[in-house]
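One structure is given below, encoded as structure tokens.
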Amino acid sequence: MLSGSQVSGLFGLQFDLGHLGVTYAPTFAPGGAYDAWSLRASTERWPSVRLPVPLAAEIDLKKALSHPPPGPLTLFFGTSARDPLVETVETLGRLARDPSTKAVILRSGGLPLGLARAEELRAAIENLKVSGKSVIFYLESGGDLEYSVALAADRIYTAPQAVLLVNGFAATALFAAAGLDKLGVKAEFFRVGAYKNAPDLFTRTGMSREQREVESSLLDDLYGRYVKRISNARHLDEGKVKSLLDEGILQPGEAVKAGLIDGLAYPDQLEEEAGKLLGTKVSLWKVGTGVPAQRQVRWGSLPRIAVVRVVGNIARGEGERDPFGAVRVAGSDAIVRRIRRAADDPSVSAIVVRIDSPGGDGTASDLIWRELVRARKEKRKPVIASMGDVAASGGYYVAAGADAIFAEPATITGSIGVFIGHFDAEGLLGKLGLNLETVKRGASADLFTPNRPLSEGERKTLQTWVDGFYEEFLLRVAEARGLSREQVDRIARGRVWTGYQALEHRLIDRLGGLTDALAEAKRRAGLDPDEEVELDDEQSVDVDLTDFAGATALDLAPMGMGPRAIRALRLLGEPGTLRAAMPFDLEVQ
């Protein structure tokens, strides 16, 4: 450095770790030399030196995939947070790019996911392997869902006394007609299509032929691909796999002998097992899935993609919280506002709507659909739909507003149909000694009151209402999917499909998860595939009483009947609303 006729020199050395750093700079000048030191401690994460010791990262998946416990005020005011699955997938992506991480150990004592979202997690694990990382999956306990994810790993270990319910899939449905009859309640529903079986919960005592056909079709697809996956990953004959699944519960030692598991281990032995897999000693470190602070090294703001979530039973309004936690509610008003803000914001390059919903209120679904269409056609924003575990009926209606639809092979979707119901509780009221008297102006002013049956004219009116909505539903889907009205009707009528089957019937565009949908959104927005983007993706988190007091009274009901009862009531919605909801309360175990 020159200053007049004087010359001085500066030499610097900087050493950085993620959140700590030190800089040493000796300065030489005509007046002498002096040293300058600086110490950095920051919450912002800087690029740091790599230690030469091979690292094995360990992630507790059950903890990573669960929302953190809320504080007391959250019970009253709610909160928002990122999707734990998204954070977990992003963390696995960072580990895939980290040259110092040679192995990843994934521990699971149960995964709070459905079958479709489990496939997203499995895809992230497979990406780890493609990047050259060795992957160990440790099952503290688990069933078919956890095992299906574990199959993506290089090695599967389990605890010596673990409970392994690796025994296939089952679907159950509840029927309450006999109970309602004993109470003196008569249920009457109006629908389109024999496959729209949701009302059967209240009108039948057992499965209809159509419902049994659909459930069998779903299970055949899910089970068939599961058996093939085990066969390919574990190098077992498919017949052998089926016979092992038929055993019901496998002892860990038996699972090792059968070739389903690679070995038995305790958690403190996992570091040693990772070293054996890599052929060298490794250092084990536990990894969280929170978003690390990153030092910004570019000028200007990043391109933004808005992720709008439609999660839970679709309802009009803001969507109140269920205190029992049995049902999540997606309020159309809040979702419509979020879509409109994203559509009107010039900094948002594209919108991804993430749907994990069995449907609900038909009108609310239509309002959300309209806002997506406005974003696409009027604001010229690319809109991509990404389906989670379920995106059926009203959930599929919403997806039809997008430019393209992505679903996992195990996603439950379709169920294009609608119904409306009426309950006549006159008999029950009489048994209870209650008498409801109504004064009205207009023959049908008390159409949805529970103290009288419907007239023939009212029955005709309700069926006409349902038929009209169904026709509009067909036309919306036909336009979105490039199909004729007749083609859609043949695969509609309330029938549900897996994502794999939906692709064959052209109800979706591609198989893939949220990551794939985001990549498509970037492409349609004209962004480079490797360009970094800012995701505007926070979701409201429902808080239930179990966050504070463990189990509730609902959990004391046998065979999960308490949560089923709550879901059944939610299925009906408000009296006088058209219901675009899944044809039955499907639980696959």
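Every chain in the structure tokens has a letter given in the order shown (A, B, ...), and although residue numbers restart at 1 in each chain, ligands are simply numbered from 1 in the order shown.
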
Do you know which residues are at most 6 Å from A:Thr498 counting only C-alpha atoms, after dropping those on the same chain fewer than 5 positions away, and could you put them as JSON, numbers by chain? {"A": [410, 411, 412]}

Could you pull out the residues in stretch 279-381 of chain A that DSSP calls alpha helix (DSSP H) from the backbone, as JSON, numbers by chain? {"A": [332, 333, 334, 335, 336, 337, 338, 339, 340, 341, 342, 343, 344, 362, 363, 364, 365, 366, 367, 368, 369, 370, 371, 372, 373, 374, 375, 376, 377]}

A:Gly109 proximity check over A:Gly142, A:Gly206, A:Gly388, A:Gly132, using only C-alpha atoms: winner is A:Gly142

Name all residues at most 12 Å from stretch 432-448 of chain A (count only C-alpha atoms; drop same-chain ones fewer than 3 positions away) and give them as number ranges by chain. A: 183-184, 187-188, 420-429, 451-459, 461-462, 574-577

Export, as a compact mmCIF listing (two decimals), in the first residue's frame, the selected residues with N, CA, C and O atoms.
```txt
# COMPACT_ATOMS: atom_id res chain seq x y z
N LEU A 183 -81.15 -46.15 17.22
CA LEU A 183 -81.37 -44.86 17.87
C LEU A 183 -82.64 -44.17 17.37
O LEU A 183 -83.13 -43.24 17.99
N GLY A 184 -83.12 -44.62 16.22
CA GLY A 184 -84.30 -43.97 15.64
C GLY A 184 -83.95 -42.84 14.70
O GLY A 184 -84.70 -41.88 14.55
N ALA A 187 -81.06 -41.99 7.83
CA ALA A 187 -80.15 -41.21 6.99
C ALA A 187 -80.53 -41.38 5.52
O ALA A 187 -80.81 -42.50 5.07
N GLU A 188 -80.55 -40.28 4.80
CA GLU A 188 -80.89 -40.31 3.39
C GLU A 188 -79.89 -39.44 2.63
O GLU A 188 -79.68 -38.28 2.99
N ILE A 420 -74.86 -35.19 -0.91
CA ILE A 420 -75.46 -34.36 0.13
C ILE A 420 -76.40 -35.25 0.93
O ILE A 420 -76.98 -36.20 0.38
N GLY A 421 -76.51 -35.01 2.22
CA GLY A 421 -77.29 -35.89 3.07
C GLY A 421 -78.31 -35.18 3.93
O GLY A 421 -78.25 -33.95 4.13
N HIS A 422 -79.24 -35.97 4.43
CA HIS A 422 -80.27 -35.46 5.34
C HIS A 422 -80.53 -36.52 6.40
O HIS A 422 -80.60 -37.72 6.10
N PHE A 423 -80.64 -36.10 7.66
CA PHE A 423 -80.92 -37.01 8.76
C PHE A 423 -82.28 -36.68 9.37
O PHE A 423 -82.56 -35.54 9.72
N ASP A 424 -83.08 -37.72 9.47
CA ASP A 424 -84.38 -37.59 10.12
C ASP A 424 -84.29 -38.25 11.49
O ASP A 424 -84.25 -39.48 11.61
N ALA A 425 -84.21 -37.44 12.54
CA ALA A 425 -84.05 -37.94 13.91
C ALA A 425 -85.36 -37.86 14.69
O ALA A 425 -85.35 -37.81 15.92
N GLU A 426 -86.48 -37.88 13.98
CA GLU A 426 -87.77 -37.77 14.64
C GLU A 426 -87.97 -38.91 15.64
O GLU A 426 -88.47 -38.71 16.75
N GLY A 427 -87.56 -40.14 15.26
CA GLY A 427 -87.69 -41.27 16.16
C GLY A 427 -86.84 -41.12 17.40
O GLY A 427 -87.29 -41.44 18.52
N LEU A 428 -85.62 -40.66 17.24
CA LEU A 428 -84.72 -40.47 18.38
C LEU A 428 -85.27 -39.40 19.32
O LEU A 428 -85.26 -39.57 20.55
N LEU A 429 -85.75 -38.31 18.76
CA LEU A 429 -86.29 -37.24 19.60
C LEU A 429 -87.48 -37.74 20.41
O LEU A 429 -87.65 -37.38 21.58
N ASN A 451 -85.99 -33.01 12.36
CA ASN A 451 -87.19 -33.53 13.01
C ASN A 451 -88.29 -33.94 12.03
O ASN A 451 -89.44 -34.09 12.43
N ARG A 452 -87.92 -34.12 10.75
CA ARG A 452 -88.94 -34.57 9.80
C ARG A 452 -88.27 -35.22 8.60
O ARG A 452 -87.11 -34.94 8.28
N PRO A 453 -88.99 -36.08 7.87
CA PRO A 453 -88.45 -36.67 6.65
C PRO A 453 -88.58 -35.70 5.48
O PRO A 453 -89.26 -34.67 5.58
N LEU A 454 -87.94 -36.02 4.39
CA LEU A 454 -88.02 -35.21 3.17
C LEU A 454 -89.26 -35.56 2.38
O LEU A 454 -89.73 -36.70 2.40
N SER A 455 -89.77 -34.58 1.65
CA SER A 455 -90.86 -34.85 0.72
C SER A 455 -90.28 -35.32 -0.61
O SER A 455 -89.06 -35.18 -0.85
N GLU A 456 -91.09 -35.87 -1.48
CA GLU A 456 -90.61 -36.33 -2.78
C GLU A 456 -90.07 -35.16 -3.60
O GLU A 456 -89.07 -35.31 -4.31
N GLY A 457 -90.72 -34.02 -3.51
CA GLY A 457 -90.23 -32.85 -4.24
C GLY A 457 -88.87 -32.42 -3.74
O GLY A 457 -88.00 -32.03 -4.54
N GLU A 458 -88.63 -32.48 -2.44
CA GLU A 458 -87.34 -32.10 -1.88
C GLU A 458 -86.25 -33.10 -2.28
O GLU A 458 -85.11 -32.71 -2.55
N ARG A 459 -86.62 -34.36 -2.33
CA ARG A 459 -85.65 -35.36 -2.78
C ARG A 459 -85.20 -35.08 -4.22
O ARG A 459 -84.02 -35.17 -4.56
N THR A 461 -85.27 -32.21 -5.74
CA THR A 461 -84.48 -30.97 -5.74
C THR A 461 -83.03 -31.24 -5.35
O THR A 461 -82.08 -30.74 -5.98
N LEU A 462 -82.83 -32.01 -4.29
CA LEU A 462 -81.47 -32.31 -3.83
C LEU A 462 -80.70 -33.11 -4.85
O LEU A 462 -79.50 -32.87 -5.09
N GLU A 574 -71.27 -28.99 7.34
CA GLU A 574 -72.43 -28.23 7.78
C GLU A 574 -73.68 -28.69 7.03
O GLU A 574 -73.61 -29.06 5.86
N PRO A 575 -74.85 -28.70 7.69
CA PRO A 575 -76.08 -29.08 6.99
C PRO A 575 -76.31 -28.19 5.77
O PRO A 575 -76.08 -26.98 5.81
N GLY A 576 -76.72 -28.82 4.67
CA GLY A 576 -77.03 -28.07 3.47
C GLY A 576 -75.83 -27.75 2.61
O GLY A 576 -75.90 -26.89 1.73
N THR A 577 -74.68 -28.41 2.83
CA THR A 577 -73.51 -28.19 1.99
C THR A 577 -73.28 -29.41 1.11
O THR A 577 -73.41 -30.55 1.56
```

Stretch 252-285 of chain A: which residues are strand (DSSP E or B) by DSSP, as a list in words?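 Result set for stretch 252-285 of chain A (strand (DSSP E or B)): Gly263, Leu264, Ser283, Leu284 and Trp285 of chain A.
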
Return the single residue from A:Leu85, A:Asp181, A:Glu472, A:Ile156 that is closest to A:Leu121, with distances computed using only C-alpha atoms.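 Smallest separation from A:Leu121 among the options: A:Leu85.
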
Between atom CA of A:Arg493 and atom CA of A:Ala178, measure the distance and give it in Å to one decimal.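 Atom CA of A:Arg493 sits 26.1 Å away from atom CA of A:Ala178.
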
With only C-alpha atoms as the atoms that count, which of A:Leu260, A:Ala391, A:Leu180, A:Ile105 lies nearest to A:Lys286?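 Ranking A:Leu260, A:Ala391, A:Leu180, A:Ile105 by distance to A:Lys286, first place goes to A:Ile105.
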
Residues within 9 Å of A:Glu215, only C-alpha atoms, excluding chain neighbours under 3 positions, as an MDAnalysis selection string: chainID A and resid 171 210:212 218:220 496 586

May I ask which of the residues A:Leu244, A:Ala153, A:Leu201, A:Ala404 is the closest one to A:Asp516, counting only C-alpha atoms? A:Ala404

Spatial neighbours of A:Glu58, max dist 8 Å, only C-alpha atoms, sep filter under 4 positions, as a short mmCIF file (atom, residue, chain, number, x, y, z; two decimals) with all heavy atoms, in the first residue's frame:
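What follows is the written file result08.cif:
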```cif
data_model
loop_
_atom_site.label_atom_id
_atom_site.label_comp_id
_atom_site.auth_asym_id
_atom_site.auth_seq_id
_atom_site.Cartn_x
_atom_site.Cartn_y
_atom_site.Cartn_z
N VAL A 104 -24.59 -42.06 6.30
CA VAL A 104 -25.74 -41.48 7.00
C VAL A 104 -26.50 -42.61 7.68
O VAL A 104 -26.82 -43.63 7.05
CB VAL A 104 -26.67 -40.73 6.03
CG1 VAL A 104 -27.89 -40.19 6.78
CG2 VAL A 104 -25.94 -39.59 5.34
N ILE A 105 -26.76 -42.44 8.97
CA ILE A 105 -27.53 -43.41 9.74
C ILE A 105 -28.90 -42.81 10.05
O ILE A 105 -29.00 -41.72 10.62
CB ILE A 105 -26.81 -43.78 11.05
CG1 ILE A 105 -25.45 -44.41 10.75
CG2 ILE A 105 -27.67 -44.70 11.90
CD1 ILE A 105 -24.58 -44.61 11.99
N LEU A 106 -29.94 -43.50 9.65
CA LEU A 106 -31.30 -43.04 9.88
C LEU A 106 -31.97 -43.95 10.90
O LEU A 106 -32.09 -45.15 10.67
CB LEU A 106 -32.09 -43.05 8.56
CG LEU A 106 -31.48 -42.20 7.44
CD1 LEU A 106 -32.20 -42.46 6.12
CD2 LEU A 106 -31.54 -40.72 7.79
N ARG A 107 -32.39 -43.37 12.01
CA ARG A 107 -33.05 -44.14 13.06
C ARG A 107 -34.55 -43.89 13.02
O ARG A 107 -35.00 -42.78 12.82
CB ARG A 107 -32.51 -43.75 14.43
CG ARG A 107 -31.07 -44.18 14.67
CD ARG A 107 -30.59 -43.75 16.04
NE ARG A 107 -31.45 -44.24 17.12
CZ ARG A 107 -31.20 -44.03 18.41
NH1 ARG A 107 -30.14 -43.34 18.77
NH2 ARG A 107 -32.01 -44.51 19.33
N LEU A 284 -19.13 -40.30 14.55
CA LEU A 284 -20.58 -40.17 14.45
C LEU A 284 -21.03 -38.83 15.02
O LEU A 284 -20.60 -38.43 16.10
CB LEU A 284 -21.26 -41.31 15.22
CG LEU A 284 -22.77 -41.45 15.08
CD1 LEU A 284 -23.15 -41.80 13.66
CD2 LEU A 284 -23.29 -42.51 16.05
N TRP A 285 -21.87 -38.11 14.27
CA TRP A 285 -22.42 -36.85 14.76
C TRP A 285 -23.91 -36.79 14.46
O TRP A 285 -24.36 -37.20 13.41
CB TRP A 285 -21.68 -35.65 14.16
CG TRP A 285 -21.76 -35.53 12.67
CD1 TRP A 285 -21.34 -36.43 11.75
CD2 TRP A 285 -22.29 -34.42 11.92
NE1 TRP A 285 -21.56 -35.97 10.47
CE2 TRP A 285 -22.14 -34.75 10.54
CE3 TRP A 285 -22.85 -33.20 12.27
CZ2 TRP A 285 -22.54 -33.89 9.53
CZ3 TRP A 285 -23.26 -32.34 11.24
CH2 TRP A 285 -23.10 -32.68 9.91
N LYS A 286 -24.66 -36.31 15.46
CA LYS A 286 -26.11 -36.23 15.32
C LYS A 286 -26.49 -34.94 14.63
O LYS A 286 -26.00 -33.87 14.97
CB LYS A 286 -26.78 -36.34 16.69
CG LYS A 286 -26.56 -37.69 17.35
CD LYS A 286 -27.34 -37.84 18.63
CE LYS A 286 -27.14 -39.23 19.23
NZ LYS A 286 -27.92 -39.42 20.47
N VAL A 287 -27.38 -35.06 13.67
CA VAL A 287 -27.74 -33.94 12.81
C VAL A 287 -29.19 -33.55 13.05
O VAL A 287 -30.08 -34.40 13.06
CB VAL A 287 -27.54 -34.31 11.32
CG1 VAL A 287 -27.95 -33.17 10.41
CG2 VAL A 287 -26.09 -34.71 11.08
#
```

Top pick for closest residue to A:Leu302, considering A:Phe175, A:Ser38, A:Glu532, A:Ala350 and counting only C-alpha atoms: A:Glu532

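One distance worth recording is that between atom CA of A:Ile355 and atom CA of A:Val192, which is 23.9 Å.
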
Give me the residues near A:Tyr157 as an NGL selection string, where near means some atom within 10 Å (using only C-alpha atoms) and where sequence neighbours in that chain fewer than 3 positions away do not count. :A and (107 or 136-140 or 150 or 160 or 252 or 256 or 260-267 or 270 or 273)

Selected residues written out with N, CA, C and O atoms, as a JSON list (two decimals), in the first residue's frame:
```json
[["chain", "number", "residue", "atom", "x", "y", "z"],
["A", 107, "ARG", "N", -32.39, -43.37, 12.01],
["A", 107, "ARG", "CA", -33.05, -44.14, 13.06],
["A", 107, "ARG", "C", -34.55, -43.89, 13.02],
["A", 107, "ARG", "O", -35.00, -42.78, 12.82],
["A", 136, "ILE", "N", -27.31, -46.42, 6.33],
["A", 136, "ILE", "CA", -27.77, -47.44, 7.26],
["A", 136, "ILE", "C", -29.13, -47.02, 7.82],
["A", 136, "ILE", "O", -29.29, -45.86, 8.23],
["A", 137, "PHE", "N", -30.08, -47.92, 7.81],
["A", 137, "PHE", "CA", -31.40, -47.63, 8.40],
["A", 137, "PHE", "C", -31.56, -48.52, 9.63],
["A", 137, "PHE", "O", -31.43, -49.74, 9.55],
["A", 138, "TYR", "N", -31.86, -47.87, 10.77],
["A", 138, "TYR", "CA", -31.98, -48.59, 12.03],
["A", 138, "TYR", "C", -33.43, -48.57, 12.49],
["A", 138, "TYR", "O", -33.99, -47.51, 12.78],
["A", 139, "LEU", "N", -34.05, -49.74, 12.56],
["A", 139, "LEU", "CA", -35.44, -49.87, 12.97],
["A", 139, "LEU", "C", -35.51, -50.23, 14.46],
["A", 139, "LEU", "O", -35.22, -51.36, 14.85],
["A", 140, "GLU", "N", -35.86, -49.25, 15.28],
["A", 140, "GLU", "CA", -36.09, -49.57, 16.69],
["A", 140, "GLU", "C", -37.37, -50.37, 16.83],
["A", 140, "GLU", "O", -37.51, -51.20, 17.71],
["A", 150, "ALA", "N", -37.00, -48.15, 4.68],
["A", 150, "ALA", "CA", -35.68, -48.73, 4.99],
["A", 150, "ALA", "C", -35.09, -49.48, 3.81],
["A", 150, "ALA", "O", -33.85, -49.58, 3.69],
["A", 160, "PRO", "N", -32.46, -55.87, 18.92],
["A", 160, "PRO", "CA", -32.66, -57.30, 19.17],
["A", 160, "PRO", "C", -34.06, -57.66, 19.65],
["A", 160, "PRO", "O", -34.53, -58.78, 19.39],
["A", 252, "PRO", "N", -36.95, -60.46, 15.37],
["A", 252, "PRO", "CA", -35.79, -59.87, 14.70],
["A", 252, "PRO", "C", -34.78, -60.90, 14.20],
["A", 252, "PRO", "O", -34.27, -60.78, 13.08],
["A", 256, "VAL", "N", -33.59, -61.62, 10.24],
["A", 256, "VAL", "CA", -32.20, -61.66, 9.74],
["A", 256, "VAL", "C", -31.97, -62.94, 8.95],
["A", 256, "VAL", "O", -31.41, -62.92, 7.85],
["A", 260, "LEU", "N", -34.52, -60.37, 5.39],
["A", 260, "LEU", "CA", -35.20, -59.09, 5.37],
["A", 260, "LEU", "C", -34.40, -58.01, 6.10],
["A", 260, "LEU", "O", -34.53, -56.82, 5.82],
["A", 261, "ILE", "N", -33.59, -58.43, 7.05],
["A", 261, "ILE", "CA", -32.78, -57.52, 7.87],
["A", 261, "ILE", "C", -31.32, -57.98, 7.77],
["A", 261, "ILE", "O", -31.04, -59.17, 7.67],
["A", 262, "ASP", "N", -30.38, -57.02, 7.84],
["A", 262, "ASP", "CA", -28.96, -57.37, 7.72],
["A", 262, "ASP", "C", -28.33, -57.75, 9.04],
["A", 262, "ASP", "O", -27.34, -58.49, 9.05],
["A", 263, "GLY", "N", -28.87, -57.26, 10.16],
["A", 263, "GLY", "CA", -28.26, -57.61, 11.43],
["A", 263, "GLY", "C", -28.97, -56.96, 12.60],
["A", 263, "GLY", "O", -29.85, -56.10, 12.43],
["A", 264, "LEU", "N", -28.60, -57.39, 13.80],
["A", 264, "LEU", "CA", -29.15, -56.85, 15.03],
["A", 264, "LEU", "C", -28.09, -55.97, 15.70],
["A", 264, "LEU", "O", -26.90, -56.29, 15.68],
["A", 265, "ALA", "N", -28.53, -54.86, 16.26],
["A", 265, "ALA", "CA", -27.58, -53.94, 16.90],
["A", 265, "ALA", "C", -28.32, -53.06, 17.90],
["A", 265, "ALA", "O", -29.53, -52.87, 17.81],
["A", 266, "TYR", "N", -27.54, -52.56, 18.86],
["A", 266, "TYR", "CA", -28.05, -51.55, 19.77],
["A", 266, "TYR", "C", -27.59, -50.18, 19.27],
["A", 266, "TYR", "O", -26.61, -50.08, 18.50],
["A", 267, "PRO", "N", -28.26, -49.09, 19.68],
["A", 267, "PRO", "CA", -27.89, -47.77, 19.17],
["A", 267, "PRO", "C", -26.42, -47.41, 19.35],
["A", 267, "PRO", "O", -25.82, -46.76, 18.48],
["A", 270, "LEU", "N", -23.99, -48.44, 16.43],
["A", 270, "LEU", "CA", -24.20, -47.98, 15.06],
["A", 270, "LEU", "C", -22.95, -47.34, 14.47],
["A", 270, "LEU", "O", -22.67, -47.48, 13.28],
["A", 273, "GLU", "N", -20.85, -50.08, 13.22],
["A", 273, "GLU", "CA", -21.40, -50.68, 12.00],
["A", 273, "GLU", "C", -21.15, -49.80, 10.79],
["A", 273, "GLU", "O", -20.89, -50.30, 9.69]]
```

Neighbours of A:Gly482 within 12 Å (only C-alpha atoms; same-chain residues fewer than 3 positions away dropped), as a PyMOL selection string? chain A and resi 400+403-404+474-479+485-488+505-509

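Here atom CA of A:Trp369 and atom CA of A:Glu318 stand 16.4 Å from one another.
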